[in-house]
>>> print(open('query14.cif').read())   # mmCIF, C-alpha atoms (C1' of nucleotides)
data_start
loop_
_atom_site.group_PDB
_atom_site.id
_atom_site.type_symbol
_atom_site.label_atom_id
_atom_site.label_comp_id
_atom_site.auth_asym_id
_atom_site.auth_seq_id
_atom_site.Cartn_x
_atom_site.Cartn_y
_atom_site.Cartn_z
ATOM 1 C CA MET R 1 194.561 144.773 4.446
ATOM 2 C CA PHE R 2 198.170 145.574 3.667
ATOM 3 C CA ILE R 3 197.642 148.039 0.859
ATOM 4 C CA LYS R 4 200.390 150.559 0.337
ATOM 5 C CA ILE R 5 200.090 153.718 -1.735
ATOM 6 C CA ASP R 6 202.906 155.888 -3.063
ATOM 7 C CA LEU R 7 201.795 159.443 -2.384
ATOM 8 C CA GLN R 8 204.746 160.765 -4.384
ATOM 9 C CA SER R 9 203.873 158.763 -7.510
ATOM 10 C CA GLU R 10 202.584 160.452 -10.643
ATOM 11 C CA ILE R 11 199.941 157.719 -10.773
ATOM 12 C CA PRO R 12 196.684 158.972 -9.202
ATOM 13 C CA ILE R 13 195.965 157.565 -5.733
ATOM 14 C CA TYR R 14 192.588 156.180 -6.775
ATOM 15 C CA THR R 15 194.232 154.380 -9.707
ATOM 16 C CA GLN R 16 196.908 152.917 -7.454
ATOM 17 C CA LEU R 17 194.206 151.716 -5.075
ATOM 18 C CA GLN R 18 192.256 150.096 -7.922
ATOM 19 C CA ASN R 19 195.413 148.304 -9.047
ATOM 20 C CA ARG R 20 196.328 147.135 -5.533
ATOM 21 C CA ILE R 21 192.851 145.671 -5.000
ATOM 22 C CA ILE R 22 192.858 143.861 -8.354
ATOM 23 C CA GLU R 23 196.324 142.548 -7.552
ATOM 24 C CA GLY R 24 194.984 141.408 -4.172
ATOM 25 C CA ILE R 25 192.255 139.436 -5.894
ATOM 26 C CA VAL R 26 194.764 137.862 -8.285
ATOM 27 C CA SER R 27 197.164 136.906 -5.516
ATOM 28 C CA GLY R 28 194.372 135.383 -3.469
ATOM 29 C CA ASP R 29 194.733 137.904 -0.646
ATOM 30 C CA LEU R 30 191.191 139.049 -1.399
ATOM 31 C CA LYS R 31 188.670 136.277 -1.974
ATOM 32 C CA ALA R 32 185.168 136.389 -3.448
ATOM 33 C CA GLY R 33 182.637 137.694 -0.926
ATOM 34 C CA GLU R 34 185.329 139.054 1.359
ATOM 35 C CA PRO R 35 184.538 142.513 2.759
ATOM 36 C CA LEU R 36 186.691 145.547 2.095
ATOM 37 C CA PRO R 37 187.187 148.311 4.671
ATOM 38 C CA SER R 38 184.626 151.113 4.505
ATOM 39 C CA VAL R 39 185.567 154.176 2.497
ATOM 40 C CA ARG R 40 186.291 156.050 5.709
ATOM 41 C CA THR R 41 188.351 153.270 7.256
ATOM 42 C CA MET R 42 190.355 152.653 4.084
ATOM 43 C CA ALA R 43 190.936 156.394 3.703
ATOM 44 C CA SER R 44 192.143 156.598 7.270
ATOM 45 C CA ASP R 45 194.411 153.562 6.811
ATOM 46 C CA LEU R 46 195.992 155.034 3.690
ATOM 47 C CA GLY R 47 196.106 158.580 5.008
ATOM 48 C CA VAL R 48 194.034 159.942 2.149
ATOM 49 C CA ASN R 49 190.635 161.502 1.690
ATOM 50 C CA MET R 50 187.394 159.532 1.818
ATOM 51 C CA HIS R 51 186.359 160.669 -1.654
ATOM 52 C CA THR R 52 189.562 159.358 -3.188
ATOM 53 C CA VAL R 53 188.743 155.878 -1.879
ATOM 54 C CA ASN R 54 185.105 156.281 -2.921
ATOM 55 C CA LYS R 55 186.233 157.069 -6.444
ATOM 56 C CA ALA R 56 188.367 153.927 -6.640
ATOM 57 C CA TYR R 57 185.566 151.771 -5.185
ATOM 58 C CA ASN R 58 183.044 153.090 -7.700
ATOM 59 C CA PHE R 59 185.300 152.369 -10.663
ATOM 60 C CA LEU R 60 185.828 148.831 -9.354
ATOM 61 C CA LYS R 61 182.074 148.473 -8.874
ATOM 62 C CA GLN R 62 181.400 149.740 -12.391
ATOM 63 C CA ASP R 63 183.728 147.104 -13.833
ATOM 64 C CA GLY R 64 182.247 144.342 -11.679
ATOM 65 C CA PHE R 65 185.189 143.601 -9.405
ATOM 66 C CA ILE R 66 183.346 144.542 -6.230
ATOM 67 C CA GLN R 67 179.793 144.996 -5.015
ATOM 68 C CA ILE R 68 178.676 147.935 -2.937
ATOM 69 C CA HIS R 69 175.631 147.527 -0.707
ATOM 70 C CA ARG R 70 174.291 150.828 0.479
ATOM 71 C CA GLN R 71 174.105 150.101 4.156
ATOM 72 C CA LYS R 72 176.083 146.887 4.366
ATOM 73 C CA GLY R 73 179.441 147.700 2.909
ATOM 74 C CA VAL R 74 181.836 146.714 0.172
ATOM 75 C CA VAL R 75 182.669 143.137 -0.797
ATOM 76 C CA ILE R 76 184.726 141.418 -3.484
ATOM 77 C CA ASN R 77 182.133 140.329 -6.049
ATOM 78 C CA PRO R 78 180.800 136.995 -4.695
ATOM 79 C CA ASP R 79 179.334 136.131 -8.113
ATOM 80 C CA GLY R 80 182.798 135.991 -9.625
ATOM 81 C CA MET R 81 184.947 138.357 -11.607
ATOM 82 C CA PRO R 82 184.044 140.142 -14.847
ATOM 83 C CA GLU R 83 185.025 138.269 -17.983
ATOM 84 C CA VAL R 84 187.099 139.016 -21.068
ATOM 85 C CA THR R 85 184.477 140.935 -23.019
ATOM 86 C CA SER R 86 185.076 142.443 -26.436
ATOM 87 C CA GLU R 87 184.831 145.871 -24.851
ATOM 88 C CA TYR R 88 187.556 144.981 -22.367
ATOM 89 C CA LEU R 89 189.672 143.447 -25.109
ATOM 90 C CA GLY R 90 189.532 146.748 -26.962
ATOM 91 C CA LYS R 91 190.771 148.587 -23.896
ATOM 92 C CA PHE R 92 193.411 145.915 -23.348
ATOM 93 C CA LYS R 93 194.892 146.325 -26.808
ATOM 94 C CA GLN R 94 194.738 150.096 -26.651
ATOM 95 C CA GLU R 95 196.692 150.077 -23.396
ATOM 96 C CA ILE R 96 199.272 147.502 -24.371
ATOM 97 C CA ARG R 97 199.888 148.829 -27.877
ATOM 98 C CA PRO R 98 202.212 151.737 -26.960
ATOM 99 C CA ILE R 99 204.073 149.492 -24.517
ATOM 100 C CA ILE R 100 204.751 146.906 -27.222
ATOM 101 C CA ALA R 101 205.598 149.644 -29.719
ATOM 102 C CA GLU R 102 208.340 151.062 -27.501
ATOM 103 C CA ALA R 103 209.617 147.576 -26.714
ATOM 104 C CA LEU R 104 209.907 146.813 -30.437
ATOM 105 C CA CYS R 105 211.520 150.173 -31.055
ATOM 106 C CA ARG R 106 214.191 149.369 -28.492
ATOM 107 C CA GLY R 107 214.863 146.053 -30.164
ATOM 108 C CA MET R 108 213.129 143.802 -27.655
ATOM 109 C CA LYS R 109 212.283 140.470 -29.280
ATOM 110 C CA GLU R 110 208.853 138.947 -28.888
ATOM 111 C CA GLU R 111 210.505 136.094 -27.017
ATOM 112 C CA ASP R 112 212.070 138.477 -24.494
ATOM 113 C CA PHE R 113 208.745 140.276 -24.168
ATOM 114 C CA SER R 114 207.070 136.992 -23.266
ATOM 115 C CA THR R 115 209.774 136.222 -20.742
ATOM 116 C CA PHE R 116 209.406 139.579 -18.988
ATOM 117 C CA CYS R 117 205.622 139.238 -18.967
ATOM 118 C CA GLN R 118 205.926 135.755 -17.527
ATOM 119 C CA GLU R 119 207.966 137.201 -14.667
ATOM 120 C CA VAL R 120 205.121 139.618 -13.957
ATOM 121 C CA PHE R 121 202.583 136.806 -14.244
ATOM 122 C CA ASN R 122 204.496 134.731 -11.717
ATOM 123 C CA ASN R 123 205.061 137.654 -9.383
ATOM 124 C CA LEU R 124 201.360 138.473 -9.327
ATOM 125 C CA GLN R 125 200.321 134.891 -8.657
ATOM 126 C CA GLU R 126 203.142 134.246 -6.212
ATOM 127 C CA LYS R 127 200.970 133.954 -3.151
ATOM 128 C CA ARG R 128 198.501 131.513 -4.709
ATOM 129 C CA GLY R 129 198.475 127.996 -3.331
ATOM 130 C CA MET N 1 203.283 162.327 -42.298
ATOM 131 C CA PHE N 2 199.922 160.686 -41.733
ATOM 132 C CA ILE N 3 199.662 161.140 -37.990
ATOM 133 C CA LYS N 4 196.191 161.323 -36.566
ATOM 134 C CA ILE N 5 195.292 162.500 -33.083
ATOM 135 C CA ASP N 6 192.042 161.955 -31.204
ATOM 136 C CA LEU N 7 191.268 165.313 -29.648
ATOM 137 C CA GLN N 8 188.384 163.736 -27.689
ATOM 138 C CA SER N 9 190.583 161.070 -26.099
ATOM 139 C CA GLU N 10 191.413 161.144 -22.402
ATOM 140 C CA ILE N 11 195.004 160.442 -23.414
ATOM 141 C CA PRO N 12 197.007 163.696 -23.565
ATOM 142 C CA ILE N 13 197.728 164.938 -27.081
ATOM 143 C CA TYR N 14 201.477 165.020 -26.499
ATOM 144 C CA THR N 15 201.362 161.389 -25.310
ATOM 145 C CA GLN N 16 199.365 160.335 -28.365
ATOM 146 C CA LEU N 17 201.895 162.077 -30.593
ATOM 147 C CA GLN N 18 204.809 160.327 -28.866
ATOM 148 C CA ASN N 19 203.063 156.985 -29.383
ATOM 149 C CA ARG N 20 202.262 157.656 -33.037
ATOM 150 C CA ILE N 21 205.878 158.579 -33.785
ATOM 151 C CA ILE N 22 207.258 155.502 -32.027
ATOM 152 C CA GLU N 23 204.727 153.384 -33.925
ATOM 153 C CA GLY N 24 205.881 155.067 -37.132
ATOM 154 C CA ILE N 25 209.460 154.061 -36.396
ATOM 155 C CA VAL N 26 208.406 150.481 -35.657
ATOM 156 C CA SER N 27 206.322 150.195 -38.824
ATOM 157 C CA GLY N 28 209.140 151.590 -40.941
ATOM 158 C CA ASP N 29 207.199 154.688 -41.931
ATOM 159 C CA LEU N 30 209.857 156.740 -40.165
ATOM 160 C CA LYS N 31 213.427 155.705 -40.853
ATOM 161 C CA ALA N 32 216.646 156.627 -39.062
ATOM 162 C CA GLY N 33 217.827 160.095 -40.052
ATOM 163 C CA GLU N 34 214.505 161.011 -41.585
ATOM 164 C CA PRO N 35 213.335 164.530 -40.726
ATOM 165 C CA LEU N 36 210.138 165.260 -38.802
ATOM 166 C CA PRO N 37 208.009 168.342 -39.471
ATOM 167 C CA SER N 38 208.949 171.402 -37.445
ATOM 168 C CA VAL N 39 207.021 171.997 -34.245
ATOM 169 C CA ARG N 40 205.008 174.690 -35.980
ATOM 170 C CA THR N 41 204.246 172.626 -39.066
ATOM 171 C CA MET N 42 203.318 169.528 -37.080
ATOM 172 C CA ALA N 43 201.135 171.639 -34.805
ATOM 173 C CA SER N 44 199.411 173.144 -37.808
ATOM 174 C CA ASP N 45 198.925 169.714 -39.407
ATOM 175 C CA LEU N 46 197.378 168.276 -36.255
ATOM 176 C CA GLY N 47 195.412 171.392 -35.414
ATOM 177 C CA VAL N 48 197.031 171.772 -31.996
ATOM 178 C CA ASN N 49 199.332 174.221 -30.301
ATOM 179 C CA MET N 50 203.025 174.461 -31.028
ATOM 180 C CA HIS N 51 203.963 173.863 -27.386
ATOM 181 C CA THR N 52 202.041 170.608 -27.304
ATOM 182 C CA VAL N 53 204.194 169.293 -30.154
ATOM 183 C CA ASN N 54 207.315 170.721 -28.578
ATOM 184 C CA LYS N 55 206.536 168.810 -25.371
ATOM 185 C CA ALA N 56 206.194 165.530 -27.260
ATOM 186 C CA TYR N 57 209.393 166.126 -29.220
ATOM 187 C CA ASN N 58 211.363 166.883 -26.081
ATOM 188 C CA PHE N 59 210.214 163.707 -24.351
ATOM 189 C CA LEU N 60 211.204 161.719 -27.449
ATOM 190 C CA LYS N 61 214.553 163.506 -27.488
ATOM 191 C CA GLN N 62 215.104 162.789 -23.793
ATOM 192 C CA ASP N 63 214.536 159.063 -24.409
ATOM 193 C CA GLY N 64 216.781 159.022 -27.478
ATOM 194 C CA PHE N 65 214.217 158.360 -30.198
ATOM 195 C CA ILE N 66 214.884 161.619 -32.029
ATOM 196 C CA GLN N 67 217.560 164.286 -32.261
ATOM 197 C CA ILE N 68 216.824 167.983 -32.201
ATOM 198 C CA HIS N 69 219.284 170.375 -33.797
ATOM 199 C CA ARG N 70 218.699 173.949 -32.790
ATOM 200 C CA GLN N 71 218.624 175.505 -36.245
ATOM 201 C CA LYS N 72 218.386 172.441 -38.453
ATOM 202 C CA GLY N 73 215.320 170.625 -37.291
ATOM 203 C CA VAL N 74 214.144 167.320 -35.886
ATOM 204 C CA VAL N 75 215.231 163.915 -37.176
ATOM 205 C CA ILE N 76 214.688 160.296 -36.205
ATOM 206 C CA ASN N 77 217.857 159.368 -34.320
ATOM 207 C CA PRO N 78 220.367 158.421 -37.056
ATOM 208 C CA ASP N 79 222.587 156.670 -34.483
ATOM 209 C CA GLY N 80 219.890 154.087 -33.806
ATOM 210 C CA MET N 81 217.225 153.630 -31.202
ATOM 211 C CA PRO N 82 217.660 153.529 -27.424
ATOM 212 C CA GLU N 83 218.179 150.065 -25.983
ATOM 213 C CA VAL N 84 216.500 147.920 -23.362
ATOM 214 C CA THR N 85 218.166 149.410 -20.298
ATOM 215 C CA SER N 86 217.459 148.304 -16.748
ATOM 216 C CA GLU N 87 215.817 151.669 -16.147
ATOM 217 C CA TYR N 88 213.495 151.131 -19.080
ATOM 218 C CA LEU N 89 212.783 147.573 -17.977
ATOM 219 C CA GLY N 90 211.638 148.896 -14.614
ATOM 220 C CA LYS N 91 209.230 151.268 -16.315
ATOM 221 C CA PHE N 92 208.103 148.482 -18.626
ATOM 222 C CA LYS N 93 207.162 146.174 -15.768
ATOM 223 C CA GLN N 94 205.483 148.938 -13.791
ATOM 224 C CA GLU N 95 203.301 149.792 -16.787
ATOM 225 C CA ILE N 96 202.427 146.263 -17.790
ATOM 226 C CA ARG N 97 201.780 144.972 -14.277
ATOM 227 C CA PRO N 98 198.255 146.408 -13.795
ATOM 228 C CA ILE N 99 197.320 145.307 -17.322
ATOM 229 C CA ILE N 100 198.354 141.722 -16.610
ATOM 230 C CA ALA N 101 196.707 141.857 -13.183
ATOM 231 C CA GLU N 102 193.331 142.764 -14.666
ATOM 232 C CA ALA N 103 193.743 140.175 -17.410
ATOM 233 C CA LEU N 104 194.407 137.478 -14.822
ATOM 234 C CA CYS N 105 191.507 138.707 -12.713
ATOM 235 C CA ARG N 106 189.183 138.287 -15.680
ATOM 236 C CA GLY N 107 190.408 134.751 -16.224
ATOM 237 C CA MET N 108 192.607 135.376 -19.241
ATOM 238 C CA LYS N 109 195.157 132.584 -19.601
ATOM 239 C CA GLU N 110 198.802 133.351 -20.223
ATOM 240 C CA GLU N 111 198.418 131.605 -23.567
ATOM 241 C CA ASP N 112 195.557 133.921 -24.590
ATOM 242 C CA PHE N 113 197.541 136.897 -23.377
ATOM 243 C CA SER N 114 200.423 135.890 -25.645
ATOM 244 C CA THR N 115 198.033 135.471 -28.555
ATOM 245 C CA PHE N 116 196.511 138.924 -28.117
ATOM 246 C CA CYS N 117 199.961 140.482 -27.731
ATOM 247 C CA GLN N 118 201.110 138.715 -30.873
ATOM 248 C CA GLU N 119 198.220 140.317 -32.753
ATOM 249 C CA VAL N 120 199.443 143.717 -31.590
ATOM 250 C CA PHE N 121 203.018 142.813 -32.512
ATOM 251 C CA ASN N 122 201.937 141.850 -36.013
ATOM 252 C CA ASN N 123 199.715 144.886 -36.411
ATOM 253 C CA LEU N 124 202.544 147.226 -35.453
ATOM 254 C CA GLN N 125 205.017 145.615 -37.812
ATOM 255 C CA GLU N 126 202.488 145.156 -40.616
ATOM 256 C CA LYS N 127 204.032 147.655 -42.987
ATOM 257 C CA ARG N 128 207.549 146.269 -42.697
ATOM 258 C CA GLY N 129 208.977 144.574 -45.776
ATOM 259 C "C1'" DT D 1 170.175 156.009 21.119
ATOM 260 C "C1'" DA D 2 174.723 155.849 19.123
ATOM 261 C "C1'" DA D 3 177.756 154.386 15.751
ATOM 262 C "C1'" DC D 4 178.304 152.907 11.581
ATOM 263 C "C1'" DT D 5 177.217 152.265 6.170
ATOM 264 C "C1'" DG D 6 177.482 154.475 1.149
ATOM 265 C "C1'" DT D 7 175.944 158.662 -1.020
ATOM 266 C "C1'" DT D 8 175.543 163.400 -2.229
ATOM 267 C "C1'" DA D 9 176.604 168.284 -2.153
ATOM 268 C "C1'" DT D 10 179.520 172.255 -1.806
ATOM 269 C "C1'" DA D 11 183.821 174.497 -1.585
ATOM 270 C "C1'" DC D 12 188.616 174.898 -2.118
ATOM 271 C "C1'" DA D 13 193.631 174.125 -3.578
ATOM 272 C "C1'" DT D 14 196.997 172.379 -6.599
ATOM 273 C "C1'" DA D 15 198.767 170.342 -10.694
ATOM 274 C "C1'" DA D 16 198.359 168.853 -15.492
ATOM 275 C "C1'" DT D 17 197.026 169.870 -19.989
ATOM 276 C "C1'" DA D 18 196.460 172.989 -23.744
ATOM 277 C "C1'" DT D 19 196.268 177.324 -25.912
ATOM 278 C "C1'" DA D 20 197.765 182.179 -27.209
ATOM 279 C "C1'" DT D 21 201.214 185.550 -28.110
ATOM 280 C "C1'" DA D 22 205.611 187.254 -28.261
ATOM 281 C "C1'" DA D 23 210.366 187.460 -28.559
ATOM 282 C "C1'" DC D 24 215.203 185.547 -29.176
ATOM 283 C "C1'" DA D 25 219.317 183.616 -31.623
ATOM 284 C "C1'" DG D 26 220.761 181.253 -35.084
ATOM 285 C "C1'" DT D 27 220.460 179.181 -40.075
ATOM 286 C "C1'" DT D 28 218.987 179.061 -44.933
ATOM 287 C "C1'" DA D 29 217.306 180.684 -49.286
ATOM 288 C "C1'" DT D 30 216.304 184.462 -52.155
ATOM 289 C "C1'" DA E 1 220.901 192.206 -46.635
ATOM 290 C "C1'" DT E 2 216.381 190.603 -46.266
ATOM 291 C "C1'" DA E 3 212.930 187.287 -45.414
ATOM 292 C "C1'" DA E 4 211.597 182.989 -43.892
ATOM 293 C "C1'" DC E 5 212.481 179.460 -41.372
ATOM 294 C "C1'" DT E 6 214.561 176.636 -37.096
ATOM 295 C "C1'" DG E 7 214.138 175.337 -31.788
ATOM 296 C "C1'" DT E 8 213.819 177.784 -27.463
ATOM 297 C "C1'" DT E 9 212.115 180.600 -23.809
ATOM 298 C "C1'" DA E 10 208.874 183.514 -21.374
ATOM 299 C "C1'" DT E 11 204.382 185.023 -19.871
ATOM 300 C "C1'" DA E 12 199.531 184.673 -19.472
ATOM 301 C "C1'" DT E 13 195.167 182.359 -19.550
ATOM 302 C "C1'" DA E 14 191.550 178.602 -19.516
ATOM 303 C "C1'" DT E 15 190.006 174.066 -18.559
ATOM 304 C "C1'" DT E 16 190.226 169.761 -16.507
ATOM 305 C "C1'" DA E 17 191.930 166.278 -13.199
ATOM 306 C "C1'" DT E 18 193.204 165.229 -8.744
ATOM 307 C "C1'" DG E 19 192.787 165.575 -3.941
ATOM 308 C "C1'" DT E 20 191.156 167.514 0.300
ATOM 309 C "C1'" DA E 21 187.690 169.419 3.725
ATOM 310 C "C1'" DT E 22 183.279 169.598 5.755
ATOM 311 C "C1'" DA E 23 178.632 168.601 6.137
ATOM 312 C "C1'" DA E 24 174.449 166.365 5.703
ATOM 313 C "C1'" DC E 25 171.245 162.422 4.372
ATOM 314 C "C1'" DA E 26 168.946 157.779 4.736
ATOM 315 C "C1'" DG E 27 169.312 153.419 6.122
ATOM 316 C "C1'" DT E 28 171.408 149.606 9.073
ATOM 317 C "C1'" DT E 29 173.367 147.583 13.204
ATOM 318 C "C1'" DA E 30 174.764 147.139 17.999
#
>>> encode(input="query14.cif", output="structure tokens")
Amino acid sequence: MFIKIDLQSEIPIYTQLQNRIIEGIVSGDLKAGEPLPSVRTMASDLGVNMHTVNKAYNFLKQDGFIQIHRQKGVVINPDGMPEVTSEYLGKFKQEIRPIIAEALCRGMKEEDFSTFCQEVFNNLQEKRG
Amino acid sequence: MFIKIDLQSEIPIYTQLQNRIIEGIVSGDLKAGEPLPSVRTMASDLGVNMHTVNKAYNFLKQDGFIQIHRQKGVVINPDGMPEVTSEYLGKFKQEIRPIIAEALCRGMKEEDFSTFCQEVFNNLQEKRG
DNA sequence: TAACTGTTATACATAATATATAACAGTTAT
DNA sequence: ATAACTGTTATATATTATGTATAACAGTTA
């Protein structure tokens, strides 16, 4: 686990941790069924409190990215990732709407938008084989 | 001004207001040089506190979307909108990265992503002539 | 038995968000 | 001049979100 958190960021630690784990799954660093460090170990590694990690884990569990077994531990969901549901799509559009609005406002063309997104796509999948 | 705020949303009111104004500029509802309601009037219209509006206005001023003249009032920046600076591009990628990461994780293809974004693009620009 | 799991509970500190009230220094209209 | 309006600043308060600290519980696992 090479997860790094920015303690000075305005983004909550538990949100950063959620994002890093999802990015780990996308990059292939974290594979289906692979165990994650316990809440106490992860907290110790990151230098944060146990409950902060627990909060991130529970959000990821709620969305289906990981499974938590009471006395076993935490694993990347071995049954596969959650899908593009209509509920998720609603959240997706709500989140991306203000980003696109500001981009348009600043004169970014849809073509440039696609190019910048493609850079992010490639960067996230960089480590895949 | 037909700005609506969701007081039950987890998104801060001042953030929602910023987004609605930027969307208004994109849609053409708000044109360059056009005045915005005073902080007190806007607050009264939305049913929120004056300082909440003032906070939103000042963020928009800081980014160059509006101008605030001490005893005149608030107007959409008549000199044009801020551009796609490298600083903004950094913020853009930081914001869109976790959104794309989750989309990839859920198996959304880059083609589908573009399609969904295009829907948002069209929706935002709907009212343009 | 000891060490480890996630979970739950309580308590505390700090920051962010939002409101409430008041005053100030400049317009602008009457 | 007076009144009504601007954005701005200051102070105070309440609520929520975030993060930490400590402890205990029930169930594995070595």
>>> calpha_fit_and_write(input="query14.cif", fixed="chain N", moving="chain R", output="CSV table (one decimal) with C-alpha atoms, in the coordinates of the input")
chain,number,residue,atom,x,y,z
R,1,MET,CA,203.3,162.3,-42.3
R,2,PHE,CA,199.9,160.7,-41.8
R,3,ILE,CA,199.7,161.2,-38.0
R,4,LYS,CA,196.2,161.3,-36.6
R,5,ILE,CA,195.3,162.5,-33.1
R,6,ASP,CA,192.0,162.0,-31.3
R,7,LEU,CA,191.2,165.3,-29.7
R,8,GLN,CA,188.4,163.8,-27.8
R,9,SER,CA,190.5,161.1,-26.2
R,10,GLU,CA,191.4,161.2,-22.5
R,11,ILE,CA,195.0,160.4,-23.5
R,12,PRO,CA,197.0,163.7,-23.6
R,13,ILE,CA,197.7,165.0,-27.1
R,14,TYR,CA,201.4,165.0,-26.5
R,15,THR,CA,201.3,161.4,-25.4
R,16,GLN,CA,199.3,160.4,-28.4
R,17,LEU,CA,201.9,162.1,-30.6
R,18,GLN,CA,204.8,160.3,-28.9
R,19,ASN,CA,203.0,157.0,-29.4
R,20,ARG,CA,202.2,157.7,-33.1
R,21,ILE,CA,205.9,158.6,-33.8
R,22,ILE,CA,207.2,155.5,-32.0
R,23,GLU,CA,204.7,153.4,-33.9
R,24,GLY,CA,205.9,155.1,-37.1
R,25,ILE,CA,209.4,154.1,-36.4
R,26,VAL,CA,208.4,150.5,-35.7
R,27,SER,CA,206.3,150.2,-38.8
R,28,GLY,CA,209.1,151.6,-40.9
R,29,ASP,CA,207.2,154.7,-41.9
R,30,LEU,CA,209.8,156.7,-40.2
R,31,LYS,CA,213.4,155.7,-40.8
R,32,ALA,CA,216.7,156.6,-39.0
R,33,GLY,CA,217.8,160.1,-40.0
R,34,GLU,CA,214.5,161.0,-41.6
R,35,PRO,CA,213.4,164.6,-40.7
R,36,LEU,CA,210.2,165.3,-38.8
R,37,PRO,CA,208.0,168.4,-39.5
R,38,SER,CA,209.0,171.4,-37.4
R,39,VAL,CA,207.0,172.0,-34.2
R,40,ARG,CA,205.0,174.7,-36.0
R,41,THR,CA,204.3,172.7,-39.1
R,42,MET,CA,203.3,169.6,-37.1
R,43,ALA,CA,201.1,171.7,-34.8
R,44,SER,CA,199.4,173.2,-37.8
R,45,ASP,CA,199.0,169.8,-39.4
R,46,LEU,CA,197.4,168.3,-36.3
R,47,GLY,CA,195.4,171.5,-35.4
R,48,VAL,CA,197.0,171.8,-32.0
R,49,ASN,CA,199.3,174.2,-30.3
R,50,MET,CA,203.1,174.5,-31.0
R,51,HIS,CA,204.0,173.9,-27.4
R,52,THR,CA,202.0,170.6,-27.3
R,53,VAL,CA,204.2,169.3,-30.2
R,54,ASN,CA,207.3,170.7,-28.6
R,55,LYS,CA,206.5,168.8,-25.4
R,56,ALA,CA,206.2,165.5,-27.3
R,57,TYR,CA,209.4,166.1,-29.2
R,58,ASN,CA,211.3,166.9,-26.1
R,59,PHE,CA,210.2,163.7,-24.4
R,60,LEU,CA,211.2,161.7,-27.5
R,61,LYS,CA,214.5,163.5,-27.5
R,62,GLN,CA,215.1,162.8,-23.8
R,63,ASP,CA,214.5,159.0,-24.4
R,64,GLY,CA,216.7,159.0,-27.5
R,65,PHE,CA,214.2,158.4,-30.2
R,66,ILE,CA,214.9,161.6,-32.0
R,67,GLN,CA,217.5,164.3,-32.2
R,68,ILE,CA,216.8,168.0,-32.2
R,69,HIS,CA,219.3,170.3,-33.8
R,70,ARG,CA,218.7,173.9,-32.7
R,71,GLN,CA,218.7,175.5,-36.1
R,72,LYS,CA,218.4,172.4,-38.4
R,73,GLY,CA,215.3,170.6,-37.2
R,74,VAL,CA,214.1,167.3,-35.9
R,75,VAL,CA,215.2,163.9,-37.1
R,76,ILE,CA,214.7,160.3,-36.2
R,77,ASN,CA,217.9,159.4,-34.3
R,78,PRO,CA,220.4,158.4,-37.0
R,79,ASP,CA,222.6,156.6,-34.5
R,80,GLY,CA,219.9,154.1,-33.8
R,81,MET,CA,217.2,153.6,-31.2
R,82,PRO,CA,217.6,153.5,-27.4
R,83,GLU,CA,218.2,150.1,-26.0
R,84,VAL,CA,216.5,147.9,-23.4
R,85,THR,CA,218.2,149.4,-20.3
R,86,SER,CA,217.5,148.3,-16.8
R,87,GLU,CA,215.8,151.7,-16.2
R,88,TYR,CA,213.5,151.1,-19.1
R,89,LEU,CA,212.8,147.6,-18.0
R,90,GLY,CA,211.7,148.9,-14.7
R,91,LYS,CA,209.3,151.3,-16.3
R,92,PHE,CA,208.1,148.5,-18.7
R,93,LYS,CA,207.2,146.2,-15.8
R,94,GLN,CA,205.5,148.9,-13.8
R,95,GLU,CA,203.3,149.8,-16.8
R,96,ILE,CA,202.4,146.2,-17.8
R,97,ARG,CA,201.8,145.0,-14.3
R,98,PRO,CA,198.3,146.4,-13.8
R,99,ILE,CA,197.4,145.3,-17.3
R,100,ILE,CA,198.4,141.7,-16.6
R,101,ALA,CA,196.8,141.8,-13.2
R,102,GLU,CA,193.4,142.7,-14.6
R,103,ALA,CA,193.8,140.1,-17.4
R,104,LEU,CA,194.5,137.4,-14.8
R,105,CYS,CA,191.6,138.7,-12.7
R,106,ARG,CA,189.2,138.3,-15.6
R,107,GLY,CA,190.5,134.7,-16.1
R,108,MET,CA,192.6,135.4,-19.2
R,109,LYS,CA,195.2,132.6,-19.5
R,110,GLU,CA,198.8,133.3,-20.2
R,111,GLU,CA,198.4,131.6,-23.5
R,112,ASP,CA,195.6,133.9,-24.6
R,113,PHE,CA,197.6,136.9,-23.3
R,114,SER,CA,200.4,135.9,-25.6
R,115,THR,CA,198.0,135.5,-28.5
R,116,PHE,CA,196.5,138.9,-28.1
R,117,CYS,CA,199.9,140.5,-27.7
R,118,GLN,CA,201.1,138.7,-30.9
R,119,GLU,CA,198.2,140.3,-32.7
R,120,VAL,CA,199.4,143.7,-31.6
R,121,PHE,CA,203.0,142.8,-32.5
R,122,ASN,CA,201.9,141.9,-36.0
R,123,ASN,CA,199.7,144.9,-36.4
R,124,LEU,CA,202.5,147.2,-35.5
R,125,GLN,CA,205.0,145.6,-37.8
R,126,GLU,CA,202.5,145.2,-40.6
R,127,LYS,CA,204.0,147.7,-43.0
R,128,ARG,CA,207.5,146.3,-42.6
R,129,GLY,CA,209.0,144.6,-45.7
>>> closest_atom_pairs(input="query14.cif", of="chain N", to="chain E", cutoff="7 Å", atoms="only C-alpha atoms (C1' of nucleotides)", output="Markdown table")
| residue | atom | partner | partner_atom | distance |
| --- | --- | --- | --- | --- |
| N:Arg70 | CA | E:DG7 | C1' | 4.9 |
| N:Gln71 | CA | E:DT6 | C1' | 4.3 |
| N:Lys72 | CA | E:DT6 | C1' | 5.8 |
| N:Gly73 | CA | E:DT6 | C1' | 6.1 |
>>> resolve_selection(input="query14.cif", expression="the PyMOL selection byres ((chain D) within 9 of (chain R))", output="PDB file with C-alpha atoms (C1' of nucleotides), in the coordinates of the input")
ATOM      1  C1'  DC D   4     178.304 152.907  11.581  1.00  0.00           C
ATOM      2  C1'  DT D   5     177.217 152.265   6.170  1.00  0.00           C
ATOM      3  C1'  DG D   6     177.482 154.475   1.149  1.00  0.00           C
ATOM      4  C1'  DT D   7     175.944 158.662  -1.020  1.00  0.00           C
TER       5       DT D   7
END
